[in-house]
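Student: Enclosed is the structure file protein-v9.pdb (PDB, C-alpha atoms, pLDDT in the B column).
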```pdb
ATOM      1  CA  MET Q   1       7.816  16.868 -19.818  1.00 91.00           C
ATOM      2  CA  LEU Q   2      10.462  15.515 -17.495  1.00 95.00           C
ATOM      3  CA  THR Q   3      11.759  18.614 -15.746  1.00 97.00           C
ATOM      4  CA  ILE Q   4      13.274  19.449 -12.388  1.00 97.00           C
ATOM      5  CA  ASP Q   5      10.028  21.134 -11.318  1.00 97.00           C
ATOM      6  CA  ALA Q   6       7.914  18.146 -12.399  1.00 97.00           C
ATOM      7  CA  LEU Q   7      10.174  15.773 -10.461  1.00 98.00           C
ATOM      8  CA  ARG Q   8       9.991  18.047  -7.434  1.00 97.00           C
ATOM      9  CA  ARG Q   9       6.175  18.091  -7.601  1.00 96.00           C
ATOM     10  CA  LEU Q  10       6.165  14.270  -7.500  1.00 95.00           C
ATOM     11  CA  GLY Q  11       8.291  14.337  -4.360  1.00 96.00           C
ATOM     12  CA  ALA Q  12      11.847  13.898  -5.644  1.00 97.00           C
ATOM     13  CA  ASN Q  13      14.527  15.697  -3.656  1.00 98.00           C
ATOM     14  CA  THR Q  14      15.946  17.383  -6.726  1.00 98.00           C
ATOM     15  CA  GLU Q  15      18.285  19.650  -4.780  1.00 98.00           C
ATOM     16  CA  GLU Q  16      20.035  16.612  -3.343  1.00 97.00           C
ATOM     17  CA  GLY Q  17      20.112  14.834  -6.698  1.00 98.00           C
ATOM     18  CA  LEU Q  18      21.372  17.912  -8.509  1.00 98.00           C
ATOM     19  CA  GLY Q  19      24.036  18.382  -5.850  1.00 97.00           C
ATOM     20  CA  ARG Q  20      25.437  14.981  -6.749  1.00 96.00           C
ATOM     21  CA  CYS Q  21      25.528  16.092 -10.394  1.00 97.00           C
ATOM     22  CA  MET Q  22      27.359  19.363  -9.734  1.00 97.00           C
ATOM     23  CA  LYS Q  23      24.071  21.251 -10.309  1.00 97.00           C
ATOM     24  CA  ASN Q  24      24.098  20.240 -13.988  1.00 98.00           C
ATOM     25  CA  GLU Q  25      20.377  19.900 -14.776  1.00 98.00           C
ATOM     26  CA  ALA Q  26      20.849  18.323 -18.209  1.00 98.00           C
ATOM     27  CA  PHE Q  27      23.175  15.672 -16.772  1.00 98.00           C
ATOM     28  CA  TYR Q  28      20.831  14.992 -13.862  1.00 98.00           C
ATOM     29  CA  LEU Q  29      17.808  14.588 -16.157  1.00 98.00           C
ATOM     30  CA  ARG Q  30      19.792  12.279 -18.451  1.00 98.00           C
ATOM     31  CA  LEU Q  31      20.659  10.095 -15.439  1.00 98.00           C
ATOM     32  CA  VAL Q  32      17.024  10.111 -14.297  1.00 98.00           C
ATOM     33  CA  ASN Q  33      15.938   8.920 -17.732  1.00 97.00           C
ATOM     34  CA  MET Q  34      18.568   6.186 -17.671  1.00 97.00           C
ATOM     35  CA  ALA Q  35      17.419   5.085 -14.206  1.00 97.00           C
ATOM     36  CA  LEU Q  36      13.791   4.918 -15.351  1.00 97.00           C
ATOM     37  CA  ASP Q  37      14.747   2.862 -18.417  1.00 97.00           C
ATOM     38  CA  ASP Q  38      16.878   0.423 -16.413  1.00 97.00           C
ATOM     39  CA  GLU Q  39      16.206  -3.208 -17.357  1.00 97.00           C
ATOM     40  CA  GLY Q  40      16.418  -4.051 -13.673  1.00 98.00           C
ATOM     41  CA  TYR Q  41      12.687  -3.408 -13.234  1.00 98.00           C
ATOM     42  CA  ASP Q  42      11.840  -6.281 -15.578  1.00 98.00           C
ATOM     43  CA  LYS Q  43      14.422  -8.495 -13.879  1.00 98.00           C
ATOM     44  CA  LEU Q  44      12.971  -7.625 -10.482  1.00 98.00           C
ATOM     45  CA  VAL Q  45       9.445  -8.538 -11.583  1.00 98.00           C
ATOM     46  CA  SER Q  46      10.687 -11.820 -13.032  1.00 98.00           C
ATOM     47  CA  ALA Q  47      12.701 -12.728  -9.957  1.00 97.00           C
ATOM     48  CA  ILE Q  48       9.791 -12.049  -7.614  1.00 96.00           C
ATOM     49  CA  ASP Q  49       7.365 -13.888  -9.905  1.00 95.00           C
ATOM     50  CA  HIS Q  50       9.673 -16.915  -9.790  1.00 96.00           C
ATOM     51  CA  GLY Q  51      10.309 -16.698  -6.039  1.00 94.00           C
ATOM     52  CA  ASP Q  52      14.030 -16.100  -6.563  1.00 96.00           C
ATOM     53  CA  LEU Q  53      14.598 -13.876  -3.545  1.00 96.00           C
ATOM     54  CA  LYS Q  54      18.380 -13.831  -3.946  1.00 96.00           C
ATOM     55  CA  ALA Q  55      18.181 -12.522  -7.522  1.00 97.00           C
ATOM     56  CA  ALA Q  56      15.416 -10.108  -6.529  1.00 97.00           C
ATOM     57  CA  PHE Q  57      17.576  -8.758  -3.709  1.00 98.00           C
ATOM     58  CA  GLU Q  58      20.551  -8.213  -6.015  1.00 98.00           C
ATOM     59  CA  VAL Q  59      18.464  -6.313  -8.565  1.00 98.00           C
ATOM     60  CA  ALA Q  60      16.587  -4.305  -5.923  1.00 98.00           C
ATOM     61  CA  HIS Q  61      19.850  -3.377  -4.226  1.00 98.00           C
ATOM     62  CA  SER Q  62      21.302  -2.139  -7.506  1.00 97.00           C
ATOM     63  CA  LEU Q  63      18.201  -0.083  -8.320  1.00 98.00           C
ATOM     64  CA  LYS Q  64      18.165   1.289  -4.791  1.00 98.00           C
ATOM     65  CA  GLY Q  65      21.674   2.659  -5.248  1.00 97.00           C
ATOM     66  CA  SER Q  66      20.999   4.505  -8.476  1.00 96.00           C
ATOM     67  CA  LEU Q  67      17.601   5.810  -7.374  1.00 98.00           C
ATOM     68  CA  GLY Q  68      19.006   6.927  -4.041  1.00 97.00           C
ATOM     69  CA  ASN Q  69      21.861   8.803  -5.670  1.00 97.00           C
ATOM     70  CA  LEU Q  70      19.351  10.626  -7.848  1.00 98.00           C
ATOM     71  CA  ALA Q  71      17.122  11.282  -4.809  1.00 98.00           C
ATOM     72  CA  LEU Q  72      14.023   9.977  -6.603  1.00 97.00           C
ATOM     73  CA  THR Q  73      12.177   9.610  -3.323  1.00 96.00           C
ATOM     74  CA  PRO Q  74       8.801   8.398  -4.681  1.00 95.00           C
ATOM     75  CA  ILE Q  75      10.411   5.288  -6.131  1.00 97.00           C
ATOM     76  CA  TYR Q  76      13.403   5.078  -3.807  1.00 98.00           C
ATOM     77  CA  ALA Q  77      11.363   4.676  -0.610  1.00 97.00           C
ATOM     78  CA  PRO Q  78       9.530   1.490  -1.654  1.00 98.00           C
ATOM     79  CA  ILE Q  79      12.620  -0.006  -3.309  1.00 98.00           C
ATOM     80  CA  ALA Q  80      14.622   0.594  -0.128  1.00 98.00           C
ATOM     81  CA  GLU Q  81      11.922  -1.151   1.890  1.00 97.00           C
ATOM     82  CA  LEU Q  82      11.796  -4.026  -0.593  1.00 98.00           C
ATOM     83  CA  THR Q  83      15.574  -4.376  -0.501  1.00 97.00           C
ATOM     84  CA  GLU Q  84      15.557  -4.718   3.274  1.00 96.00           C
ATOM     85  CA  SER Q  85      12.722  -7.261   3.192  1.00 96.00           C
ATOM     86  CA  LEU Q  86      14.580  -9.316   0.613  1.00 96.00           C
ATOM     87  CA  ARG Q  87      17.836  -9.002   2.561  1.00 95.00           C
ATOM     88  CA  GLY Q  88      16.033 -10.693   5.430  1.00 92.00           C
ATOM     89  CA  GLY Q  89      14.622 -13.361   3.137  1.00 92.00           C
ATOM     90  CA  GLN Q  90      11.045 -12.188   3.657  1.00 90.00           C
ATOM     91  CA  GLU Q  91       8.732 -12.767   0.737  1.00 89.00           C
ATOM     92  CA  THR Q  92       5.647 -11.436   2.532  1.00 91.00           C
ATOM     93  CA  GLY Q  93       4.756  -7.986   1.297  1.00 93.00           C
ATOM     94  CA  CYS Q  94       7.153  -8.077  -1.654  1.00 95.00           C
ATOM     95  CA  ARG Q  95       4.380  -8.033  -4.252  1.00 95.00           C
ATOM     96  CA  ALA Q  96       2.741  -4.972  -2.673  1.00 97.00           C
ATOM     97  CA  LEU Q  97       6.068  -3.135  -2.572  1.00 97.00           C
ATOM     98  CA  LEU Q  98       6.782  -4.139  -6.165  1.00 97.00           C
ATOM     99  CA  ASP Q  99       3.404  -2.702  -7.163  1.00 97.00           C
ATOM    100  CA  GLN Q 100       4.287   0.582  -5.415  1.00 97.00           C
ATOM    101  CA  ILE Q 101       7.623   0.672  -7.240  1.00 98.00           C
ATOM    102  CA  LEU Q 102       6.023   0.052 -10.619  1.00 98.00           C
ATOM    103  CA  GLN Q 103       3.325   2.675  -9.981  1.00 98.00           C
ATOM    104  CA  ALA Q 104       5.922   5.255  -8.962  1.00 97.00           C
ATOM    105  CA  ARG Q 105       7.993   4.431 -12.042  1.00 97.00           C
ATOM    106  CA  ALA Q 106       4.900   4.777 -14.246  1.00 97.00           C
ATOM    107  CA  ALA Q 107       4.183   8.198 -12.760  1.00 96.00           C
ATOM    108  CA  LEU Q 108       7.751   9.299 -13.425  1.00 96.00           C
ATOM    109  CA  LEU Q 109       7.679   7.883 -16.959  1.00 96.00           C
ATOM    110  CA  ALA Q 110       4.420   9.742 -17.610  1.00 96.00           C
ATOM    111  CA  LEU Q 111       6.296  13.002 -17.119  1.00 94.00           C
ATOM    112  CA  ARG Q 112       8.113  12.309 -20.374  1.00 91.00           C
ATOM    113  CA  GLU Q 113       4.825  12.194 -22.261  1.00 88.00           C
ATOM    114  CA  ASN Q 114       3.565  15.593 -21.141  1.00 72.00           C
TER     115      ASN Q 114
END
```
I need this file expressed as structure tokens, please.
Tutor:
Amino acid sequence: MLTIDALRRLGANTEEGLGRCMKNEAFYLRLVNMALDDEGYDKLVSAIDHGDLKAAFEVAHSLKGSLGNLALTPIYAPIAELTESLRGGQETGCRALLDQILQARAALLALREN
């Protein structure tokens, strides 16, 4: 189950995220679910698969903002690194970072199944 404690165990800074949501746990968890369901992940995969670094940067930057505001550190850290690589036009290492992002997302999504 996606709970504050489960997110904390995976490394999310829930105190910071909750602080941005006026300590409203239900609201915070709703935003986390929305962030995990964002269609940007599919767009990011497609853009990287097609070598469209500009589009990949735009999507990664958008995801970085929402994930950072929610303090979802396990997924935020690699997306922040990917964003900076793409900002510099570097394609090297993007696939590995994308894999980290997708694995972290899968781990967070798995919380909903328990």
Student: Go through Q:Glu25, Q:Asp5, Q:Glu113, Q:Asp52 and flag the residue nearest Gln90 (chain Q), using only C-alpha atoms for the distances.
Tutor: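 Ranking Q:Glu25, Q:Asp5, Q:Glu113, Q:Asp52 by distance to Gln90 (chain Q), first place goes to Q:Asp52.
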Student: Q:Leu2, Q:Ala110, Q:Ala55, Q:Ala35: which is nearest Ala71 (chain Q), counting only C-alpha atoms?
Tutor: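 Nearest candidate to Ala71 (chain Q) out of Q:Leu2, Q:Ala110, Q:Ala55, Q:Ala35: Q:Ala35.
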Student: Please evaluate the PyMOL selection byres ((chain Q and resi 15-18) around 12) against the structure above and give the resulting residues as a PyMOL selection string.
Tutor: chain Q and resi 4-5+7-8+11-14+19-32+66-73
Student: Provide the CA of Leu97 (chain Q) to CA of Arg112 (chain Q) distance in Å, to one decimal place.
Tutor: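 Distance between the two atoms: 23.7 Å.
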Student: Between CA of Leu44 (chain Q) and CA of Val59 (chain Q), what is the spacing in Å?
Tutor: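 These atoms are spaced 6.0 Å apart.
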